[in-house]
$ cat data_22.cif   # mmCIF, C-alpha atoms
data_coords
#
loop_
_atom_site.group_PDB
_atom_site.id
_atom_site.type_symbol
_atom_site.label_atom_id
_atom_site.label_comp_id
_atom_site.auth_asym_id
_atom_site.auth_seq_id
_atom_site.Cartn_x
_atom_site.Cartn_y
_atom_site.Cartn_z
ATOM 1 C CA MET A 13 81.540 79.340 89.525
ATOM 2 C CA LYS A 14 79.375 80.716 86.735
ATOM 3 C CA ARG A 15 80.165 83.404 84.166
ATOM 4 C CA CYS A 16 78.229 86.395 82.986
ATOM 5 C CA ILE A 17 77.641 87.730 79.486
ATOM 6 C CA ALA A 18 75.223 90.330 78.163
ATOM 7 C CA LEU A 19 73.108 88.416 75.664
ATOM 8 C CA ALA A 20 69.395 87.853 75.269
ATOM 9 C CA CYS A 21 69.067 84.135 74.558
ATOM 10 C CA LEU A 22 71.903 81.792 73.614
ATOM 11 C CA VAL A 23 72.581 78.271 72.534
ATOM 12 C CA VAL A 24 75.991 77.735 74.125
ATOM 13 C CA VAL A 25 78.470 74.924 73.624
ATOM 14 C CA ILE A 26 78.786 72.813 76.785
ATOM 15 C CA GLY A 27 81.849 70.765 77.662
ATOM 16 C CA ALA A 28 85.481 70.862 76.658
ATOM 17 C CA ALA A 29 84.902 69.613 73.117
ATOM 18 C CA LEU A 30 86.056 72.736 71.303
ATOM 19 C CA SER A 31 89.033 73.370 73.534
ATOM 20 C CA ALA A 32 90.129 69.733 73.218
ATOM 21 C CA TRP A 33 89.682 69.652 69.441
ATOM 22 C CA GLN A 34 93.198 70.479 68.252
ATOM 23 C CA PRO A 35 92.527 71.674 64.646
ATOM 24 C CA ALA A 36 90.175 74.399 65.934
ATOM 25 C CA ARG A 37 92.281 75.527 68.894
ATOM 26 C CA ALA A 38 94.533 78.576 69.236
ATOM 27 C CA ASP A 39 98.172 78.179 70.187
ATOM 28 C CA ALA A 40 98.245 80.486 73.238
ATOM 29 C CA ASP A 41 101.948 79.992 73.903
ATOM 30 C CA GLU A 42 103.065 81.276 70.487
ATOM 31 C CA GLY A 43 100.176 83.707 70.012
ATOM 32 C CA ARG A 44 99.117 82.198 66.648
ATOM 33 C CA SER A 45 95.543 82.432 65.401
ATOM 34 C CA ILE A 46 93.298 79.404 65.177
ATOM 35 C CA THR A 47 94.506 77.181 62.356
ATOM 36 C CA ALA A 48 92.829 74.550 60.192
ATOM 37 C CA PRO A 49 91.948 76.428 56.957
ATOM 38 C CA GLY A 50 88.277 76.423 56.195
ATOM 39 C CA ARG A 51 87.306 75.684 59.781
ATOM 40 C CA VAL A 52 87.580 79.263 61.055
ATOM 41 C CA VAL A 53 85.865 82.224 59.375
ATOM 42 C CA THR A 54 85.879 85.895 60.378
ATOM 43 C CA GLN A 55 83.053 88.074 59.102
ATOM 44 C CA ASN A 56 82.547 91.712 60.155
ATOM 45 C CA GLY A 57 84.956 91.240 63.029
ATOM 46 C CA VAL A 58 83.122 88.151 64.316
ATOM 47 C CA THR A 59 84.962 84.818 64.472
ATOM 48 C CA TYR A 60 83.075 81.621 63.634
ATOM 49 C CA VAL A 61 84.125 77.975 63.837
ATOM 50 C CA ARG A 62 82.544 75.715 61.209
ATOM 51 C CA LEU A 63 81.888 72.139 62.249
ATOM 52 C CA GLU A 64 79.921 69.671 60.191
ATOM 53 C CA THR A 65 77.340 67.610 62.030
ATOM 54 C CA ASP A 66 79.416 64.417 61.795
ATOM 55 C CA THR A 67 82.393 66.247 63.310
ATOM 56 C CA GLN A 68 80.179 67.524 66.129
ATOM 57 C CA ARG A 69 79.135 63.969 66.901
ATOM 58 C CA ALA A 70 82.714 62.741 66.736
ATOM 59 C CA ILE A 71 84.022 65.206 69.297
ATOM 60 C CA GLY A 72 80.965 64.863 71.559
ATOM 61 C CA LEU A 73 79.870 68.461 71.220
ATOM 62 C CA LYS A 74 76.751 69.400 73.181
ATOM 63 C CA THR A 75 74.709 72.594 73.361
ATOM 64 C CA ARG A 76 72.335 74.137 75.850
ATOM 65 C CA VAL A 77 69.793 76.938 75.529
ATOM 66 C CA VAL A 78 70.505 79.727 78.023
ATOM 67 C CA LYS A 79 67.678 82.172 78.604
ATOM 68 C CA ALA A 80 67.963 85.817 79.533
ATOM 69 C CA ALA A 81 67.280 87.071 83.032
ATOM 70 C CA HIS A 82 67.343 90.362 84.864
ATOM 71 C CA TYR A 83 70.432 90.958 86.922
ATOM 72 C CA ARG A 84 71.834 93.745 89.036
ATOM 73 C CA ALA A 85 75.573 94.069 89.375
ATOM 74 C CA SER A 86 77.223 93.893 92.765
ATOM 75 C CA ARG A 87 80.461 94.874 94.442
ATOM 76 C CA TRP A 88 82.337 93.416 97.363
ATOM 77 C CA ALA A 89 82.146 95.079 100.771
ATOM 78 C CA TYR A 90 84.148 94.112 103.832
ATOM 79 C CA GLY A 91 83.461 94.473 107.528
ATOM 80 C CA GLN A 92 82.307 92.672 110.633
ATOM 81 C CA VAL A 93 79.403 91.967 112.975
ATOM 82 C CA VAL A 94 79.341 94.763 115.561
ATOM 83 C CA GLN A 95 79.871 93.859 119.203
ATOM 84 C CA PRO A 96 76.747 95.074 121.104
ATOM 85 C CA GLY A 97 78.651 96.220 124.193
ATOM 86 C CA ALA A 98 79.689 99.617 122.848
ATOM 87 C CA LEU A 99 76.232 100.278 121.407
ATOM 88 C CA LEU A 100 74.392 99.397 124.597
ATOM 89 C CA GLY A 101 76.937 101.269 126.705
ATOM 90 C CA ASP A 102 76.344 104.416 124.675
ATOM 91 C CA TYR A 103 72.591 103.860 124.981
ATOM 92 C CA ARG A 104 72.898 103.751 128.778
ATOM 93 C CA GLN A 105 74.976 106.931 128.715
ATOM 94 C CA LEU A 106 72.303 108.700 126.698
ATOM 95 C CA ALA A 107 69.554 107.330 128.943
ATOM 96 C CA SER A 108 71.412 108.676 131.976
ATOM 97 C CA ALA A 109 71.743 112.100 130.380
ATOM 98 C CA ARG A 110 68.072 112.096 129.495
ATOM 99 C CA GLY A 111 67.158 111.050 133.032
ATOM 100 C CA ARG A 112 69.133 113.944 134.472
ATOM 101 C CA VAL A 113 67.341 116.339 132.122
ATOM 102 C CA SER A 114 63.979 115.033 133.296
ATOM 103 C CA GLN A 115 64.965 115.358 136.953
ATOM 104 C CA THR A 116 66.338 118.872 136.656
ATOM 105 C CA HIS A 117 63.354 120.071 134.634
ATOM 106 C CA ALA A 118 60.941 118.601 137.176
ATOM 107 C CA LYS A 119 62.810 120.346 139.984
ATOM 108 C CA LEU A 120 62.915 123.576 137.971
ATOM 109 C CA SER A 121 59.179 123.443 137.397
ATOM 110 C CA ALA A 122 58.527 122.940 141.118
ATOM 111 C CA SER A 123 60.909 125.712 142.230
ATOM 112 C CA HIS A 124 59.475 128.132 139.684
ATOM 113 C CA ALA A 125 55.953 127.436 140.884
ATOM 114 C CA GLU A 126 57.023 127.930 144.512
ATOM 115 C CA TYR A 127 58.767 131.203 143.705
ATOM 116 C CA ARG A 128 55.701 132.562 141.894
ATOM 117 C CA ARG A 129 53.437 131.468 144.746
ATOM 118 C CA LEU A 130 55.532 133.211 147.391
ATOM 119 C CA GLN A 131 55.998 136.250 145.191
ATOM 120 C CA GLY A 132 52.232 136.575 144.768
ATOM 121 C CA LEU A 133 51.617 136.270 148.499
ATOM 122 C CA TYR A 134 54.245 138.876 149.224
ATOM 123 C CA ARG A 135 52.853 141.374 146.715
ATOM 124 C CA HIS A 136 49.207 141.072 147.687
ATOM 125 C CA HIS A 137 49.133 140.279 151.363
ATOM 126 C CA ARG A 138 52.700 140.503 152.625
ATOM 127 C CA ASN A 139 52.092 137.452 154.809
ATOM 128 C CA VAL A 140 55.468 135.988 153.747
ATOM 129 C CA SER A 141 58.811 137.587 154.286
ATOM 130 C CA LYS A 142 60.846 139.127 151.533
ATOM 131 C CA LYS A 143 63.684 136.846 152.568
ATOM 132 C CA ALA A 144 61.532 133.793 151.793
ATOM 133 C CA VAL A 145 60.726 135.185 148.362
ATOM 134 C CA GLN A 146 64.407 135.843 147.696
ATOM 135 C CA ALA A 147 65.338 132.331 148.807
ATOM 136 C CA ALA A 148 62.698 130.868 146.515
ATOM 137 C CA ARG A 149 64.009 132.942 143.621
ATOM 138 C CA ALA A 150 67.573 131.790 144.277
ATOM 139 C CA ALA A 151 66.419 128.159 144.301
ATOM 140 C CA TRP A 152 64.589 128.720 141.036
ATOM 141 C CA LEU A 153 67.629 130.312 139.364
ATOM 142 C CA SER A 154 69.853 127.505 140.641
ATOM 143 C CA ASP A 155 67.497 124.941 139.183
ATOM 144 C CA GLN A 156 67.522 126.864 135.894
ATOM 145 C CA ALA A 157 71.305 126.570 135.766
ATOM 146 C CA ALA A 158 71.152 122.871 136.596
ATOM 147 C CA ALA A 159 68.553 122.268 133.886
ATOM 148 C CA ALA A 160 70.626 124.170 131.333
ATOM 149 C CA ASP A 161 73.691 122.126 132.273
ATOM 150 C CA ALA A 162 71.707 118.890 131.917
ATOM 151 C CA ASN A 163 70.442 120.019 128.515
ATOM 152 C CA ALA A 164 73.996 120.798 127.403
ATOM 153 C CA GLN A 165 75.243 117.427 128.637
ATOM 154 C CA ARG A 166 72.481 115.594 126.795
ATOM 155 C CA ALA A 167 73.239 117.574 123.615
ATOM 156 C CA ALA A 168 76.937 116.734 123.935
ATOM 157 C CA VAL A 169 76.233 113.032 124.406
ATOM 158 C CA THR A 170 73.806 113.055 121.471
ATOM 159 C CA GLY A 171 76.384 114.782 119.279
ATOM 160 C CA GLU A 172 79.030 112.232 120.200
ATOM 161 C CA LEU A 173 76.668 109.388 119.404
ATOM 162 C CA LYS A 174 75.759 110.887 116.023
ATOM 163 C CA ALA A 175 79.442 111.215 115.224
ATOM 164 C CA ARG A 176 79.981 107.579 116.190
ATOM 165 C CA TRP A 177 76.807 105.825 115.046
ATOM 166 C CA GLY A 178 75.011 108.225 112.730
ATOM 167 C CA ALA A 179 71.624 109.905 113.029
ATOM 168 C CA THR A 180 69.484 106.783 112.515
ATOM 169 C CA ILE A 181 71.006 104.616 115.261
ATOM 170 C CA THR A 182 71.158 107.624 117.594
ATOM 171 C CA ARG A 183 67.438 108.100 117.023
ATOM 172 C CA TRP A 184 66.919 104.450 117.973
ATOM 173 C CA MET A 185 68.644 105.201 121.266
ATOM 174 C CA ARG A 186 66.664 108.370 121.930
ATOM 175 C CA LYS A 187 63.349 106.638 121.366
ATOM 176 C CA ASP A 188 64.317 103.243 122.805
ATOM 177 C CA SER A 189 62.949 101.848 119.545
ATOM 178 C CA ALA A 190 62.169 98.266 118.564
ATOM 179 C CA PRO A 191 65.331 97.825 116.419
ATOM 180 C CA LEU A 192 67.504 98.764 119.404
ATOM 181 C CA GLN A 193 65.601 96.407 121.697
ATOM 182 C CA ALA A 194 66.030 93.590 119.162
ATOM 183 C CA LEU A 195 69.782 94.213 119.015
ATOM 184 C CA GLY A 196 70.017 94.228 122.800
ATOM 185 C CA ALA A 197 68.023 90.988 123.049
ATOM 186 C CA GLY A 198 70.105 89.263 120.366
ATOM 187 C CA ARG A 199 67.219 88.989 117.892
ATOM 188 C CA SER A 200 69.175 90.815 115.191
ATOM 189 C CA ARG A 201 72.748 91.726 114.325
ATOM 190 C CA LEU A 202 74.285 95.047 113.373
ATOM 191 C CA LEU A 203 76.926 94.850 110.649
ATOM 192 C CA ARG A 204 79.432 97.492 109.634
ATOM 193 C CA LEU A 205 80.511 97.175 105.988
ATOM 194 C CA THR A 206 82.912 99.245 103.904
ATOM 195 C CA LEU A 207 83.013 99.623 100.133
ATOM 196 C CA PRO A 208 86.558 100.489 99.003
ATOM 197 C CA LEU A 209 87.338 103.919 97.587
ATOM 198 C CA GLY A 210 85.835 104.556 94.178
ATOM 199 C CA GLN A 211 83.261 101.762 94.467
ATOM 200 C CA ALA A 212 80.565 103.394 96.604
ATOM 201 C CA PRO A 213 77.318 104.314 94.791
ATOM 202 C CA ALA A 214 75.926 107.842 94.815
ATOM 203 C CA ARG A 215 73.061 106.665 97.026
ATOM 204 C CA PRO A 216 73.348 104.180 99.889
ATOM 205 C CA PRO A 217 72.396 100.642 98.790
ATOM 206 C CA PRO A 218 69.062 99.573 100.362
ATOM 207 C CA SER A 219 70.187 95.982 100.852
ATOM 208 C CA ALA A 220 73.107 93.593 100.508
ATOM 209 C CA SER A 221 73.964 89.909 100.966
ATOM 210 C CA VAL A 222 76.548 88.541 103.375
ATOM 211 C CA VAL A 223 78.451 85.622 101.855
ATOM 212 C CA LEU A 224 79.018 82.905 104.460
ATOM 213 C CA PRO A 225 81.448 79.975 104.197
ATOM 214 C CA GLY A 226 80.115 77.428 101.748
ATOM 215 C CA GLY A 227 78.478 80.087 99.569
ATOM 216 C CA THR A 228 75.345 80.615 101.660
ATOM 217 C CA THR A 229 74.096 84.203 101.528
ATOM 218 C CA VAL A 230 72.197 86.151 104.166
ATOM 219 C CA SER A 231 70.064 89.144 103.203
ATOM 220 C CA ILE A 232 70.721 92.311 105.181
ATOM 221 C CA THR A 233 69.001 95.698 105.058
ATOM 222 C CA LEU A 234 70.519 99.149 105.172
ATOM 223 C CA VAL A 235 70.350 101.125 108.407
ATOM 224 C CA SER A 236 72.368 104.180 107.429
ATOM 225 C CA GLN A 237 75.687 105.383 106.175
ATOM 226 C CA ALA A 238 78.280 105.404 108.941
ATOM 227 C CA PRO A 239 79.856 108.767 109.799
ATOM 228 C CA THR A 240 83.308 107.155 110.138
ATOM 229 C CA THR A 241 85.283 104.607 108.164
ATOM 230 C CA GLU A 242 87.772 101.903 109.005
ATOM 231 C CA PRO A 243 91.388 103.033 109.454
ATOM 232 C CA ASP A 244 92.748 99.989 107.608
ATOM 233 C CA LEU A 245 90.186 100.061 104.770
ATOM 234 C CA GLN A 246 89.541 103.482 103.298
ATOM 235 C CA GLY A 247 86.169 103.839 101.635
ATOM 236 C CA ARG A 248 82.535 104.487 102.427
ATOM 237 C CA THR A 249 81.082 102.618 105.386
ATOM 238 C CA TYR A 250 77.482 101.580 106.085
ATOM 239 C CA TYR A 251 75.508 99.948 108.879
ATOM 240 C CA PHE A 252 73.263 97.020 107.936
ATOM 241 C CA LEU A 253 70.841 94.903 109.934
ATOM 242 C CA ALA A 254 70.621 91.090 109.780
ATOM 243 C CA LYS A 255 67.588 89.205 111.094
ATOM 244 C CA SER A 256 68.344 85.641 109.966
ATOM 245 C CA GLU A 257 71.185 83.105 110.245
ATOM 246 C CA LEU A 258 72.119 84.792 113.525
ATOM 247 C CA ASP A 259 73.837 81.681 114.841
ATOM 248 C CA ARG A 260 76.314 82.021 111.961
ATOM 249 C CA LEU A 261 76.811 85.754 112.444
ATOM 250 C CA SER A 262 78.758 85.711 115.680
ATOM 251 C CA TYR A 263 79.699 89.030 117.261
ATOM 252 C CA GLY A 264 83.011 90.277 115.942
ATOM 253 C CA LEU A 265 82.921 87.943 112.914
ATOM 254 C CA ARG A 266 84.736 89.303 109.857
ATOM 255 C CA VAL A 267 82.419 89.153 106.844
ATOM 256 C CA THR A 268 82.302 89.926 103.150
ATOM 257 C CA ALA A 269 79.136 91.001 101.395
ATOM 258 C CA LEU A 270 77.821 91.677 97.914
ATOM 259 C CA VAL A 271 76.317 95.148 97.582
ATOM 260 C CA PRO A 272 74.015 95.883 94.600
ATOM 261 C CA HIS A 273 75.347 98.548 92.292
ATOM 262 C CA GLY A 274 73.949 100.291 89.237
ATOM 263 C CA PRO A 275 70.763 99.633 87.258
ATOM 264 C CA LYS A 276 69.205 96.290 86.524
ATOM 265 C CA ARG A 277 70.579 94.677 83.385
ATOM 266 C CA VAL A 278 69.652 91.794 81.120
ATOM 267 C CA GLY A 279 72.059 88.922 80.597
ATOM 268 C CA VAL A 280 72.610 85.214 80.971
ATOM 269 C CA ILE A 281 74.551 82.999 83.375
ATOM 270 C CA VAL A 282 77.044 80.801 81.545
ATOM 271 C CA PRO A 283 78.240 77.594 83.264
ATOM 272 C CA ASP A 284 81.955 76.851 83.554
ATOM 273 C CA SER A 285 81.623 73.879 81.215
ATOM 274 C CA ALA A 286 80.875 76.274 78.328
ATOM 275 C CA VAL A 287 83.964 78.440 78.855
ATOM 276 C CA VAL A 288 86.981 77.804 76.609
ATOM 277 C CA TRP A 289 90.377 79.250 77.533
ATOM 278 C CA ALA A 290 92.622 80.275 74.625
ATOM 279 C CA GLN A 291 95.190 83.005 73.958
ATOM 280 C CA GLY A 292 95.129 83.945 77.644
ATOM 281 C CA ALA A 293 91.419 84.769 77.609
ATOM 282 C CA ALA A 294 88.056 83.102 78.207
ATOM 283 C CA TRP A 295 85.721 82.520 75.279
ATOM 284 C CA LEU A 296 82.180 81.316 74.730
ATOM 285 C CA TYR A 297 80.977 79.583 71.578
ATOM 286 C CA VAL A 298 77.407 80.376 70.554
ATOM 287 C CA GLN A 299 75.626 78.314 67.939
ATOM 288 C CA ALA A 300 74.700 80.577 65.015
ATOM 289 C CA ASP A 301 73.260 77.804 62.830
ATOM 290 C CA LYS A 302 73.613 74.038 62.459
ATOM 291 C CA THR A 303 77.302 74.148 61.534
ATOM 292 C CA HIS A 304 78.611 77.560 62.634
ATOM 293 C CA PHE A 305 79.589 78.628 66.158
ATOM 294 C CA GLU A 306 80.362 82.234 67.004
ATOM 295 C CA ARG A 307 83.208 82.926 69.413
ATOM 296 C CA ARG A 308 82.543 85.633 71.995
ATOM 297 C CA PRO A 309 84.595 86.833 74.972
ATOM 298 C CA VAL A 310 83.173 86.178 78.420
ATOM 299 C CA ARG A 311 84.051 87.739 81.767
ATOM 300 C CA THR A 312 85.312 85.403 84.456
ATOM 301 C CA ALA A 313 85.084 87.667 87.518
ATOM 302 C CA PRO A 314 83.637 85.782 90.515
ATOM 303 C CA ARG A 315 79.937 85.863 91.308
ATOM 304 C CA CYS A 316 78.889 87.635 88.118
ATOM 305 C CA ARG A 317 80.341 91.102 88.453
ATOM 306 C CA ALA A 318 78.942 94.051 86.523
ATOM 307 C CA ASP A 319 81.695 93.962 83.884
ATOM 308 C CA GLY A 320 80.057 91.136 81.950
ATOM 309 C CA PHE A 321 76.821 93.039 81.399
ATOM 310 C CA ARG A 322 75.582 95.997 79.493
ATOM 311 C CA PRO A 323 72.228 97.825 79.988
ATOM 312 C CA ALA A 324 69.226 96.207 78.359
ATOM 313 C CA GLY A 325 68.097 97.729 75.089
#

$ encode --input "data_22.cif" --output "structure tokens"
Amino acid sequence: MKRCIALACLVVVIGAALSAWQPARADADEGRSITAPGRVVTQNGVTYVRLETDTQRAIGLKTRVVKAAHYRASRWAYGQVVQPGALLGDYRQLASARGRVSQTHAKLSASHAEYRRLQGLYRHHRNVSKKAVQAARAAWLSDQAAAADANAQRAAVTGELKARWGATITRWMRKDSAPLQALGAGRSRLLRLTLPLGQAPARPPPSASVVLPGGTTVSITLVSQAPTTEPDLQGRTYYFLAKSELDRLSYGLRVTALVPHGPKRVGVIVPDSAVVWAQGAAWLYVQADKTHFERRPVRTAPRCRADGFRPAG
């Protein structure tokens, strides 16, 4: 695991040399400050450890230059790969409602045309009976009612789907779009992820990364915010789409993901070998000159959380 700190360019101490060197180590159990007079200096609130070059060689101290890089903080989201059955079942329900609308409207158009034809013949030539005209009008009105009922049923189904899947996925169903076809054919996966309360950004994140066993990450793209959330995990829920590593994203699989949050920042990644634990906290020693090393606190949250960074500039 690596650590994060908001610095531009560092020469950090690598290895356990400082933590193993007893004269320059804090006694965490008794809460005493670092001892060895003359070895530790505090100037303007900054703590330095002074080590002569021969002492550095004796304790095997090594340093490494760590360069700055751009980084965007992330937060953990939790969810699972959506089973396609419910999605495709709802798609078929909508398709059925749409088919009924098409049928009733086609029948309505035909009955209206027939009524107008018979009505015209009756008015101008009276070569059709009034009863035939009335029957045609009744058929037309009946078809109007059927078409209105079909429209209402389609609207109800569409509303239910929006409440369940959101506007974007419902639009996929209405248009039988390529993303829906890919989901149905198994060429992509739909994921439902929830950010816990208080951690959701003001705007939906455009992308995220699923963390698979072994540390492998899979990039996923935002579909939309979900209109509902999980009963056992209160927060804000989103739908994402995965197009790679599908063999490792089995349907129903519980997953965790890293969701980008906040602006891009500048910082460095500090390896574990440069972290010294003392007084119940993690510290980093940065070489200020040939014999002085500045002690700085370093965050130890997993996978470089936002807390170890501050905005550039």

$ atom_distance --input "data_22.cif" --atom1 "CA of Val235 in chain A" --atom2 "CA of Leu253 in chain A"
6.4 Å

$ resolve_selection --input "data_22.cif" --expression "the PyMOL selection byres ((chain A and resi 203) around 6)" --output "list in words"
Gln92, Val93, Val94, Leu202, Arg204, Tyr251 and Phe252 of chain A

$ residues_around --input "data_22.cif" --residues "Ser108 in chain A" --least-positions-apart "6" --cutoff "10 Å" --atoms "all atoms listed in the file" --output "list in words"
Asp102, Ser114, Arg166 and Val169 of chain A

$ atom_distance --input "data_22.cif" --atom1 "CA of Thr249 in chain A" --atom2 "CA of Arg311 in chain A"
28.1 Å

$ axis_aligned_box --input "data_22.cif" --around "range 130-147 of chain A" --padding-each-side "4 Å" --output "JSON"
{"center_x": 57.2, "center_y": 136.9, "center_z": 149.8, "size_x": 24.2, "size_y": 17.0, "size_z": 18.0}

$ residues_near_point --input "data_22.cif" --point "(84.5, 99.3, 97.1)" --cutoff "8 Å" --atoms "all atoms listed in the file" --output "PyMOL selection string"
chain A and resi 87-89+206-212+247-248

$ residues_around --input "data_22.cif" --residues "Ala144 in chain A" --least-positions-apart "6" --cutoff "10 Å" --atoms "all atoms listed in the file" --output "PyMOL selection string"
chain A and resi 127+130-131+134+150

$ closest_residue --input "data_22.cif" --among "A:Arg128, A:Arg69, A:Arg186, A:Lys74" --to "Ala107 in chain A" --atoms "only C-alpha atoms"
A:Arg186
